[in-house]
Amino acid sequence: MDFDLTDEQRMLADSIGRLVTDSYGDFEQRKAYRADPRGWSPANWSGYAEMGLLGLPFAEEDGGFGGGPVETMLVFEAFGRGLVVEPYLATVVLGGGLLKRAGTAAQRATLIPEIAGGGLTLAFAHQERQARHDLHDVATTARPDGTGWRLDGAKGVVLHGDTAGRLIVSARTAGARRDREGISLFLLDPATHGVTRRGYATQDGLRAAEVVLDGVLLPADALLGPEGGALPLIEWVVDEAQAAICAEALGAMEVLRDLTVDYLKQRTQFGQAIGNFQALQHRAADMLVATEQARSMAMYAAMMVQESDASARRVALSAAKALVARLADQLGKDAVQLHGGIAMTEEYKAGHYFKRLAILAGLFGDMDHHLRVVVAAGGLPEAA
Amino acid sequence: MDFDLTDEQRMLADSIGRLVTDSYGDFEQRKAYRADPRGWSPANWSGYAEMGLLGLPFAEEDGGFGGGPVETMLVFEAFGRGLVVEPYLATVVLGGGLLKRAGTAAQRATLIPEIAGGGLTLAFAHQERQARHDLHDVATTARPDGTGWRLDGAKGVVLHGDTAGRLIVSARTAGARRDREGISLFLLDPATHGVTRRGYATQDGLRAAEVVLDGVLLPADALLGPEGGALPLIEWVVDEAQAAICAEALGAMEVLRDLTVDYLKQRTQFGQAIGNFQALQHRAADMLVATEQARSMAMYAAMMVQESDASARRVALSAAKALVARLADQLGKDAVQLHGGIAMTEEYKAGHYFKRLAILAGLFGDMDHHLRVVVAAGGLPEAA
Amino acid sequence: MDLRYTPDEIAFRDDLRKFFRSEIPLPIRRKVSEGRALAREDYVTSQRILHARGLATPNWPVAWGGQDWTPVQRYIYVEELQAAAVPQPLGFNVNMVGPVIATFGSEAQKQRFLPATANLDIWWAQGFSEPGAGSDLASLKTTAKRDGDDFILNGQKTWTTLGQYADWIFCLVRTDATVRKQQGISFILADMKTPGISVRPIITIDGGHEVNEVFFDDVRVPAENLVGELNKGWDYAKFLLSNERIGIARIGMTKERLARVKRLAQETPAGEGMVWDDPDFRRRLAWSEIELKALEITQMRVVAAQRSKASDKPDPSSSILKIKGSEIQQQSTQLLMDVAGPYAMPRPDREEEGLNLPSVGPDWADAAAPLFFNYRKVSIYGGSNEIQRNIIAKAFLGL
Amino acid sequence: MDLRYTPDEIAFRDDLRKFFRSEIPLPIRRKVSEGRALAREDYVTSQRILHARGLATPNWPVAWGGQDWTPVQRYIYVEELQAAAVPQPLGFNVNMVGPVIATFGSEAQKQRFLPATANLDIWWAQGFSEPGAGSDLASLKTTAKRDGDDFILNGQKTWTTLGQYADWIFCLVRTDATVRKQQGISFILADMKTPGISVRPIITIDGGHEVNEVFFDDVRVPAENLVGELNKGWDYAKFLLSNERIGIARIGMTKERLARVKRLAQETPAGEGMVWDDPDFRRRLAWSEIELKALEITQMRVVAAQRSKASDKPDPSSSILKIKGSEIQQQSTQLLMDVAGPYAMPRPDREEEGLNLPSVGPDWADAAAPLFFNYRKVSIYGGSNEIQRNIIAKAFLGL
């Protein structure tokens, strides 16, 4: 049993922390990044590349740094602290996670160095409107067409899909809409004829896109991974994304807790700092309890995402997500309430943390959904 | 729309309030009543008879006073305030409710004056161990035997079944264990051969019994109400009991709230009354909010129990019970917590209110059960 | 004791119900129902239709356009208005400055302001809150100094709701700094076009422009704009704030929203079926409905107590209605956001994208998250829920 | 970072697991599992079995029978002990007075008391709480006045857990009333048989006799029974109370209880099926399991921090473990009561009924409600959860 970081991990955490403080320490900077037509900062992206973050989870032989879930946790906790807007989850965790596991040697050799170098971003176009939180619910079809494929369908709320240089699209090569078998992945250039993207801002200040695929013709080698057998891989990568989200929520919760405590110390009312009022003190104390419980669950998620038994892994990640979502929701609401009106304003930071937490809580399945997964499994997996 | 009591109702409430204060105002009295072998006070019972409470809900032509659910609500709120231990729910609401609706003229003419006069108590032996909260789950059988009936089965947690002068027993005259049709009621003397009762104290200081029916032979006229068609009647009477329970819980909650507020004013710690601490003040405020919400739901229950549409009635009563159970549970726990150790002692009143509330919350179905009824119905019934 | 309305009350309710649904334009009511911001014209249109029928200011003195309704009728009016998603007549006009002028104003002030206020010819803003005051309203710092026939105002107000549309503002100002803070406050009216008044928008986290800061920089206001007596403003403010207990919990509105949430849940696909098939969702919705039912009866009890004139002693009902009402309103917006699911996320910038594009998700879904964000305010404003708990503990429990 | 134990730790765990389950009598462990009161002999039997293997006082100095374990080993020990439903070695002996005597006592005191304390030849009671003091422990009023070679004790202690079994009692007493309240307190030992000591049972709402009042009426105690220095008792009390952070949350015990709740729910009929088939029940159980998992990792982090010696600065972990640990323990007793359903109600008086009757409901069910009632204490004692929140707010958040 070991809860210490290695020296390398500690150095990584320090470096990312400094980088995020430099680029996001002044909240006005974030507004400027969002004002870029991309919705994020190419300069920051280059910075991440220089620090090696964009190649972090890829194997060294593919041009990466061989980082694991703990490293990803450290990155996302820092990103959560800064409310970072760059497409790291979309590119490195989701897109990169699929690519590194399903890509052929040729695909990996071409694309991973490009990603690690900052020249290429990815997005994972999977979510469909009817599916809600069910990863196996895919109506988009990929039919054999000559030697290649023809894709038809629509994907929604594709994180950073508007600016991605490549899309990884899930489509059904066999089976019915809700079958677990028959789902395949395709790697495609969004400039391909028949692909329409409509990008938009999201409620938390990031970006996403609707993607329509209308008779998109792809060559045979656009297939990424096993034909019809992509679901376990998708589930694994989405679990990795959940672990990252737990860590990101933790970082955001900690900042929001500290903002709130500072505000309670500074704000005076009825002739004294409102932090003197015991009812507010106790809610601040509950915020500390919540962040510590969230930290434990983010660590649990990072450790359990490596679990070889897929069903145990899925249940553990759902447990982590359910609790982090509940804690993030309560802490976000309490932070706004304890601040009062100021947290309702666009100018002040706190409301943005609250909004990001509200969106993170629902990303890839909300609390109810993930609790149901745990309930259906009869409870948490037994420890090894 | 009218939320006023009539003058008669107000007078009734005042009289019961005085009676309960006289007989239960000193908590030591209650201990003495419980020490009686019956577990309750025959003297109090006579007092209720003298005041007309024991004939309250019966029709005047049957020897009663024609009171309705509002009168019952007033009685039970007062009983809740006193933590009254007498078998009023068992005798008047449950037994009496069945008797007045299902009894023949002869049965009513014989028994109701006896009940109203205080000479006879009843108990409703319905609950079975496998049924839990499902009123239609009856395994006890009643088979034709000569001109009469033969009953076999076991009934559990029969409220005040140990001292009742007559039992009303549900048994299946047709159908399978969980059929809605085929349930009948029988009126019997517990001294009948084949009836075994095992009485015991309950966790809240009242009494109940296990009743075993082993080849109990009854005459034909022991049948109470329509053969095989008793379920709607049972549901109605249990709904009336739920309305009474909501009112009783309200009364107990109000006393427990006031006890807690008084304690906060008197108890000093760290050199001041603990009622000066804002975190405790806010929880006391929440106790006031809870009692007001519970009062509204007790009134809702009293009004909706008269609803002619049985399914609307059942959903409304489940809604009332679910919320009152939730509020009672939270208030009871908070009251103990705010008191601290003293509320953990058998000597002091508060813990007894807490325990009674905990038991009332689960009586005839717990919060989860009743919420499920509301959910299954798609929500609350529309107002007329 | 009877939950049901009398036949007269039913007739009254049905009349209002019909009027609201047939006369107030549907596009306006749809905006209210979806929780979208209304344009100035929407408020004006709606209020003038109501006023033409005597339905804009029922709580005013009959002489000034009020209705001599029973408490139950007033209750029915508010509930039906909200249930039909009719914009409430502008509160600053009809519940706040109107009653104050009608009660404490001079005859000249009544003649000048009341008819225009009722018809929304004058749009009023409320100048109470100040930065740094928050829940401690009486610590306000904006000053009014007498100078000949004028007062000169200096200071800053904030959280001025819809102040961007205002023609006039009613303000609490400090006219005596030497006495206890509540005793040196006056109630004064100012034309928003007066030189020295400037308005700065506050954009809220939902992206909306609903509130403002209002700055007073040597603003010269005629002394005749003082309402009532000098230094009695705190009394008028208390009168005004206690004026309208009915409606504080917004029960009719929440009922309407919960019914809409239910309808949308039944129409929104989720995996094998619809969101409605999810028992956890329905359980949470059922709790909101049940709690709302209890609160509705609590409110009816307050109404009944008003009728039976037993309401002279202070009671904690406003605080209870505020606490539970705000909690259930917030639950309702949470449920709506949950129905939207992933499509609560898009926040397309219509300006940038082009206004003719269809909505990204279901056409109601983009309003869900902003409404959820926006509604955090309801447990903060008008005396935060913490302040309400203080009031209950101190004033009613004696702690 | 790794959740898993090392092979050595696994071997250590497996040894303990086997020992606990094979050597501690099953009837005793079953009582613990069902949450029933233990007899004095149960504690003694169990502790002597443990002590014979060096497992009763692992946290003591090795010279006095302790084990030189790593923090992870100590953690495993506590978890396995609880998971096997082994009675904890008597806390008053092994976590409280034992370490105080070992650290601050005289050599004579060590010789006299430590072996007997470890083997439960002496049963100790704790004389800290007083009526009227509650969470403000330092305001205690029991006095010890020097008189020749003795101290004379007068006053009253309360909430003295299992005091009815005690041979000796360790007390905090006031030896100087002229200084700040924390500075005039001493730590003294008294034989319960000393004239002037009387014990009155406190029956709790679960019907149990677990706590007592202890009265001191001119009780003459030899001065050699003073531990450490005069007027330093508060320091020893703080040492004692901070002594054992691991185990405060009782995670192993709650895990065992939740597993049992799950098993019973799978066996208890409810309508068509079993209680286990009720999704609402399972949802609540799942939340408890999940929260417990998070708390378990929080506790492991505390253990890890102890190992890495980074734990010298104060941290809020004890308060967090206390708050969440007590909440989840209470949830577990609520769940058990819910499984019992209607059969949580019977409370047969075995004395009156005759002890040979079978249980009224399922044989475990009559213990469910008393346990639920009894466990309200866990958020009250040892510094109520309100006090814990004060500590977090003041000491760690600087509020």
# chains A, B, ... in the order shown; residues from 1 in each chain; ligands from 1

$ select_by_dssp --residues "segment 127-357 of chain B" --states "strand (DSSP E or B)" --output "VMD selection string"
chain B and resid 141 to 145 148 to 159 166 to 172 183 to 188 195 to 202 207 to 218 223 to 224 229 268 to 269 272 to 273 345

$ select_by_dssp --residues "segment 184-389 of chain D" --states "alpha helix (DSSP H)" --output "VMD selection string"
chain D and resid 233 to 241 251 to 267 279 to 307 317 to 340 350 to 353 368 to 374 385 to 389

$ residues_around --residues "Cys246 of chain B" --least-positions-apart "6" --cutoff "8 Å" --atoms "only C-alpha atoms" --output "PyMOL selection string"
chain B and resi 294+297-298+301+320-321+324

$ closest_atom_pairs --of "chain B" --to "chain C" --cutoff "9 Å" --atoms "only C-alpha atoms" --output "Markdown table"
| residue | atom | partner | partner_atom | distance |
| --- | --- | --- | --- | --- |
| B:Met1 | CA | C:Tyr5 | CA | 4.4 |
| B:Asp2 | CA | C:Asp2 | CA | 4.9 |
| B:Phe3 | CA | C:Met1 | CA | 4.6 |
| B:Asp4 | CA | C:Met1 | CA | 5.4 |
| B:Leu5 | CA | C:Met1 | CA | 5.9 |
| B:Thr6 | CA | C:Met1 | CA | 7.9 |
| B:Val70 | CA | C:Met1 | CA | 7.5 |
| B:Asp258 | CA | C:Leu397 | CA | 8.7 |
| B:Val261 | CA | C:Leu397 | CA | 7.0 |
| B:Leu264 | CA | C:Leu399 | CA | 7.8 |
| B:Lys265 | CA | C:Leu399 | CA | 6.7 |
| B:Gly275 | CA | C:Leu399 | CA | 5.6 |
| B:Asn276 | CA | C:Leu399 | CA | 6.5 |
| B:Gln278 | CA | C:Asn390 | CA | 7.8 |
| B:Gln281 | CA | C:Ala393 | CA | 5.5 |
| B:His282 | CA | C:Arg389 | CA | 5.5 |
| B:Arg283 | CA | C:Arg389 | CA | 8.4 |
| B:Ala284 | CA | C:Ala393 | CA | 6.8 |
| B:Ala285 | CA | C:Ala393 | CA | 5.3 |
| B:Asp286 | CA | C:Arg389 | CA | 7.5 |
| B:Leu288 | CA | C:Ile392 | CA | 8.0 |
| B:Val289 | CA | C:Ile320 | CA | 5.9 |
| B:Glu292 | CA | C:Thr298 | CA | 7.0 |
| B:Gln293 | CA | C:Ala294 | CA | 5.5 |
| B:Ala294 | CA | C:Ala294 | CA | 7.5 |
| B:Arg295 | CA | C:Thr298 | CA | 8.1 |
| B:Ser296 | CA | C:Ala294 | CA | 5.4 |
| B:Met297 | CA | C:Ala294 | CA | 5.5 |
| B:Met299 | CA | C:Ile297 | CA | 8.2 |
| B:Tyr300 | CA | C:Ile297 | CA | 7.5 |
| B:Met303 | CA | C:Asp2 | CA | 6.6 |
| B:Met304 | CA | C:Leu3 | CA | 8.5 |
| B:Ala319 | CA | C:Ile290 | CA | 6.1 |
| B:Ala320 | CA | C:Ile290 | CA | 7.7 |
| B:Ala322 | CA | C:Ile290 | CA | 8.6 |
| B:Leu323 | CA | C:Ile290 | CA | 7.1 |
| B:Leu371 | CA | C:Arg283 | CA | 7.2 |
| B:Arg372 | CA | C:Arg283 | CA | 7.5 |
| B:Val374 | CA | C:Ala286 | CA | 6.8 |
| B:Val375 | CA | C:Arg283 | CA | 6.0 |
| B:Ala376 | CA | C:Arg282 | CA | 8.8 |
| B:Gly378 | CA | C:Arg282 | CA | 7.7 |
| B:Gly379 | CA | C:Ala286 | CA | 5.7 |
| B:Leu380 | CA | C:Glu289 | CA | 6.9 |
| B:Ala383 | CA | C:Arg4 | CA | 8.3 |
| B:Ala384 | CA | C:Arg4 | CA | 7.2 |

$ residues_around --residues "segment 57-67 of chain B" --least-positions-apart "5" --cutoff "7 Å" --atoms "only C-alpha atoms" --output "ChimeraX atom specification"
/B:100,108-109,112-113,116

$ residues_around --residues "segment 354-370 of chain C" --least-positions-apart "3" --cutoff "10 Å" --atoms "only C-alpha atoms" --output "MDAnalysis selection string"
(chainID A and resid 129 156:157 198:200 202:204 209:210 355 358:359) or (chainID C and resid 31 33:37 204:208 264 268 333:351 373:375)

$ atom_distance --atom1 "atom CA of Met73 of chain B" --atom2 "atom CA of Ala302 of chain B"
6.6 Å

$ closest_residue --among "A:Tyr24, A:Trp149, A:Phe277, A:Phe124" --to "chain B" --atoms "only C-alpha atoms"
A:Phe277

$ residues_around --residues "Asp334 of chain B" --least-positions-apart "6" --cutoff "10 Å" --atoms "only C-alpha atoms" --output "mmCIF file with N, CA and C atoms, in the first residue's frame"
data_model
loop_
_atom_site.group_PDB
_atom_site.id
_atom_site.type_symbol
_atom_site.label_atom_id
_atom_site.label_comp_id
_atom_site.auth_asym_id
_atom_site.auth_seq_id
_atom_site.Cartn_x
_atom_site.Cartn_y
_atom_site.Cartn_z
ATOM 1 N N LEU B 256 -40.917 17.532 20.480
ATOM 2 C CA LEU B 256 -39.474 17.290 20.438
ATOM 3 C C LEU B 256 -38.713 18.557 20.000
ATOM 4 N N ARG B 257 -39.302 19.271 19.074
ATOM 5 C CA ARG B 257 -38.710 20.562 18.665
ATOM 6 C C ARG B 257 -38.661 21.507 19.863
ATOM 7 N N THR B 260 -36.135 20.615 22.383
ATOM 8 C CA THR B 260 -34.788 20.909 21.903
ATOM 9 C C THR B 260 -34.479 22.395 22.036
ATOM 10 N N LEU B 280 -26.291 25.715 15.533
ATOM 11 C CA LEU B 280 -27.379 25.033 16.238
ATOM 12 C C LEU B 280 -28.696 25.783 16.029
ATOM 13 N N ARG B 283 -30.175 24.773 12.785
ATOM 14 C CA ARG B 283 -30.815 23.455 12.794
ATOM 15 C C ARG B 283 -32.131 23.495 13.543
ATOM 16 N N ALA B 284 -32.198 24.310 14.571
ATOM 17 C CA ALA B 284 -33.486 24.489 15.252
ATOM 18 C C ALA B 284 -34.489 25.140 14.295
ATOM 19 N N ASP B 286 -34.557 24.815 11.118
ATOM 20 C CA ASP B 286 -34.990 23.763 10.189
ATOM 21 C C ASP B 286 -36.024 22.843 10.848
ATOM 22 N N MET B 287 -35.928 22.694 12.144
ATOM 23 C CA MET B 287 -36.927 21.879 12.846
ATOM 24 C C MET B 287 -38.290 22.568 12.798
ATOM 25 N N ALA B 328 -39.879 13.422 10.019
ATOM 26 C CA ALA B 328 -39.824 12.901 11.384
ATOM 27 C C ALA B 328 -38.463 12.275 11.661
ATOM 28 N N GLY B 340 -27.388 16.149 22.631
ATOM 29 C CA GLY B 340 -26.211 15.431 23.105
ATOM 30 C C GLY B 340 -26.617 14.270 23.994
ATOM 31 N N PHE B 354 -37.995 10.471 20.041
ATOM 32 C CA PHE B 354 -37.180 10.026 18.899
ATOM 33 C C PHE B 354 -37.537 8.596 18.496
ATOM 34 N N ARG D 376 -26.807 6.572 17.674
ATOM 35 C CA ARG D 376 -26.880 8.040 17.644
ATOM 36 C C ARG D 376 -25.710 8.617 18.432
#

$ atom_distance --atom1 "atom CA of Trp236 of chain A" --atom2 "atom CA of Glu254 of chain A"
27.4 Å

$ residues_around --residues "segment 186-203 of chain D" --least-positions-apart "5" --cutoff "8 Å" --atoms "only C-alpha atoms" --output "PyMOL selection string"
(chain B and resi 345-347) or (chain D and resi 159+163-164+166-175+208-221+225-234+236-237)

$ atom_distance --atom1 "atom CA of Ala84 of chain C" --atom2 "atom CA of Asp68 of chain C"
22.7 Å

$ decode --residues "segment 110-130 of chain A" --atoms "N, CA, C and O atoms" --output "mmCIF file, in the first residue's frame"
data_model
loop_
_atom_site.group_PDB
_atom_site.id
_atom_site.type_symbol
_atom_site.label_atom_id
_atom_site.label_comp_id
_atom_site.auth_asym_id
_atom_site.auth_seq_id
_atom_site.Cartn_x
_atom_site.Cartn_y
_atom_site.Cartn_z
ATOM 1 N N THR A 110 2.687 7.804 -37.457
ATOM 2 C CA THR A 110 2.391 9.071 -38.128
ATOM 3 C C THR A 110 1.846 10.092 -37.152
ATOM 4 O O THR A 110 2.255 11.261 -37.161
ATOM 5 N N LEU A 111 0.887 9.646 -36.338
ATOM 6 C CA LEU A 111 0.074 10.634 -35.627
ATOM 7 C C LEU A 111 0.600 10.996 -34.243
ATOM 8 O O LEU A 111 0.505 12.152 -33.829
ATOM 9 N N ILE A 112 1.134 10.029 -33.519
ATOM 10 C CA ILE A 112 1.507 10.330 -32.133
ATOM 11 C C ILE A 112 2.589 11.406 -32.050
ATOM 12 O O ILE A 112 2.451 12.339 -31.248
ATOM 13 N N PRO A 113 3.626 11.333 -32.868
ATOM 14 C CA PRO A 113 4.601 12.430 -32.788
ATOM 15 C C PRO A 113 3.972 13.784 -33.111
ATOM 16 O O PRO A 113 4.329 14.796 -32.504
ATOM 17 N N GLU A 114 2.999 13.777 -34.024
ATOM 18 C CA GLU A 114 2.332 15.032 -34.362
ATOM 19 C C GLU A 114 1.540 15.577 -33.170
ATOM 20 O O GLU A 114 1.529 16.781 -32.904
ATOM 21 N N ILE A 115 0.845 14.650 -32.492
ATOM 22 C CA ILE A 115 0.087 15.056 -31.297
ATOM 23 C C ILE A 115 1.046 15.548 -30.225
ATOM 24 O O ILE A 115 0.864 16.644 -29.668
ATOM 25 N N ALA A 116 2.063 14.756 -29.957
ATOM 26 C CA ALA A 116 3.000 15.105 -28.884
ATOM 27 C C ALA A 116 3.682 16.442 -29.167
ATOM 28 O O ALA A 116 3.985 17.204 -28.254
ATOM 29 N N GLY A 117 3.884 16.722 -30.452
ATOM 30 C CA GLY A 117 4.527 17.964 -30.827
ATOM 31 C C GLY A 117 3.589 19.159 -30.824
ATOM 32 O O GLY A 117 4.022 20.301 -30.991
ATOM 33 N N GLY A 118 2.318 18.913 -30.659
ATOM 34 C CA GLY A 118 1.366 20.025 -30.596
ATOM 35 C C GLY A 118 0.753 20.390 -31.935
ATOM 36 O O GLY A 118 -0.031 21.338 -32.023
ATOM 37 N N GLY A 119 1.092 19.646 -32.966
ATOM 38 C CA GLY A 119 0.614 20.005 -34.289
ATOM 39 C C GLY A 119 -0.757 19.439 -34.634
ATOM 40 O O GLY A 119 -1.370 19.861 -35.619
ATOM 41 N N LEU A 120 -1.238 18.498 -33.845
ATOM 42 C CA LEU A 120 -2.494 17.830 -34.194
ATOM 43 C C LEU A 120 -3.362 17.664 -32.953
ATOM 44 O O LEU A 120 -2.905 17.189 -31.929
ATOM 45 N N THR A 121 -4.616 18.070 -33.077
ATOM 46 C CA THR A 121 -5.575 17.760 -32.008
ATOM 47 C C THR A 121 -6.599 16.756 -32.534
ATOM 48 O O THR A 121 -6.836 16.658 -33.732
ATOM 49 N N LEU A 122 -7.185 16.026 -31.602
ATOM 50 C CA LEU A 122 -8.168 14.999 -31.946
ATOM 51 C C LEU A 122 -9.489 15.286 -31.248
ATOM 52 O O LEU A 122 -9.546 16.050 -30.291
ATOM 53 N N ALA A 123 -10.533 14.646 -31.744
ATOM 54 C CA ALA A 123 -11.797 14.619 -30.996
ATOM 55 C C ALA A 123 -12.431 13.261 -31.209
ATOM 56 O O ALA A 123 -12.207 12.613 -32.238
ATOM 57 N N PHE A 124 -13.211 12.854 -30.218
ATOM 58 C CA PHE A 124 -13.852 11.542 -30.260
ATOM 59 C C PHE A 124 -15.351 11.762 -30.469
ATOM 60 O O PHE A 124 -16.052 12.218 -29.565
ATOM 61 N N ALA A 125 -15.805 11.452 -31.700
ATOM 62 C CA ALA A 125 -17.204 11.672 -32.055
ATOM 63 C C ALA A 125 -17.975 10.378 -31.826
ATOM 64 O O ALA A 125 -18.001 9.495 -32.689
ATOM 65 N N HIS A 126 -18.588 10.283 -30.672
ATOM 66 C CA HIS A 126 -19.228 9.029 -30.299
ATOM 67 C C HIS A 126 -20.680 9.243 -29.857
ATOM 68 O O HIS A 126 -21.597 8.554 -30.299
ATOM 69 N N GLN A 127 -20.875 10.202 -28.982
ATOM 70 C CA GLN A 127 -22.194 10.475 -28.389
ATOM 71 C C GLN A 127 -23.244 10.688 -29.484
ATOM 72 O O GLN A 127 -23.011 11.388 -30.456
ATOM 73 N N GLU A 128 -24.402 10.046 -29.288
ATOM 74 C CA GLU A 128 -25.537 10.308 -30.179
ATOM 75 C C GLU A 128 -26.730 10.736 -29.345
ATOM 76 O O GLU A 128 -26.831 10.401 -28.164
ATOM 77 N N ARG A 129 -27.626 11.447 -30.004
ATOM 78 C CA ARG A 129 -28.676 12.127 -29.258
ATOM 79 C C ARG A 129 -29.586 11.159 -28.507
ATOM 80 O O ARG A 129 -29.993 11.433 -27.391
ATOM 81 N N GLN A 130 -29.884 10.030 -29.102
ATOM 82 C CA GLN A 130 -30.809 9.101 -28.446
ATOM 83 C C GLN A 130 -30.118 8.289 -27.348
ATOM 84 O O GLN A 130 -30.778 7.693 -26.507
#
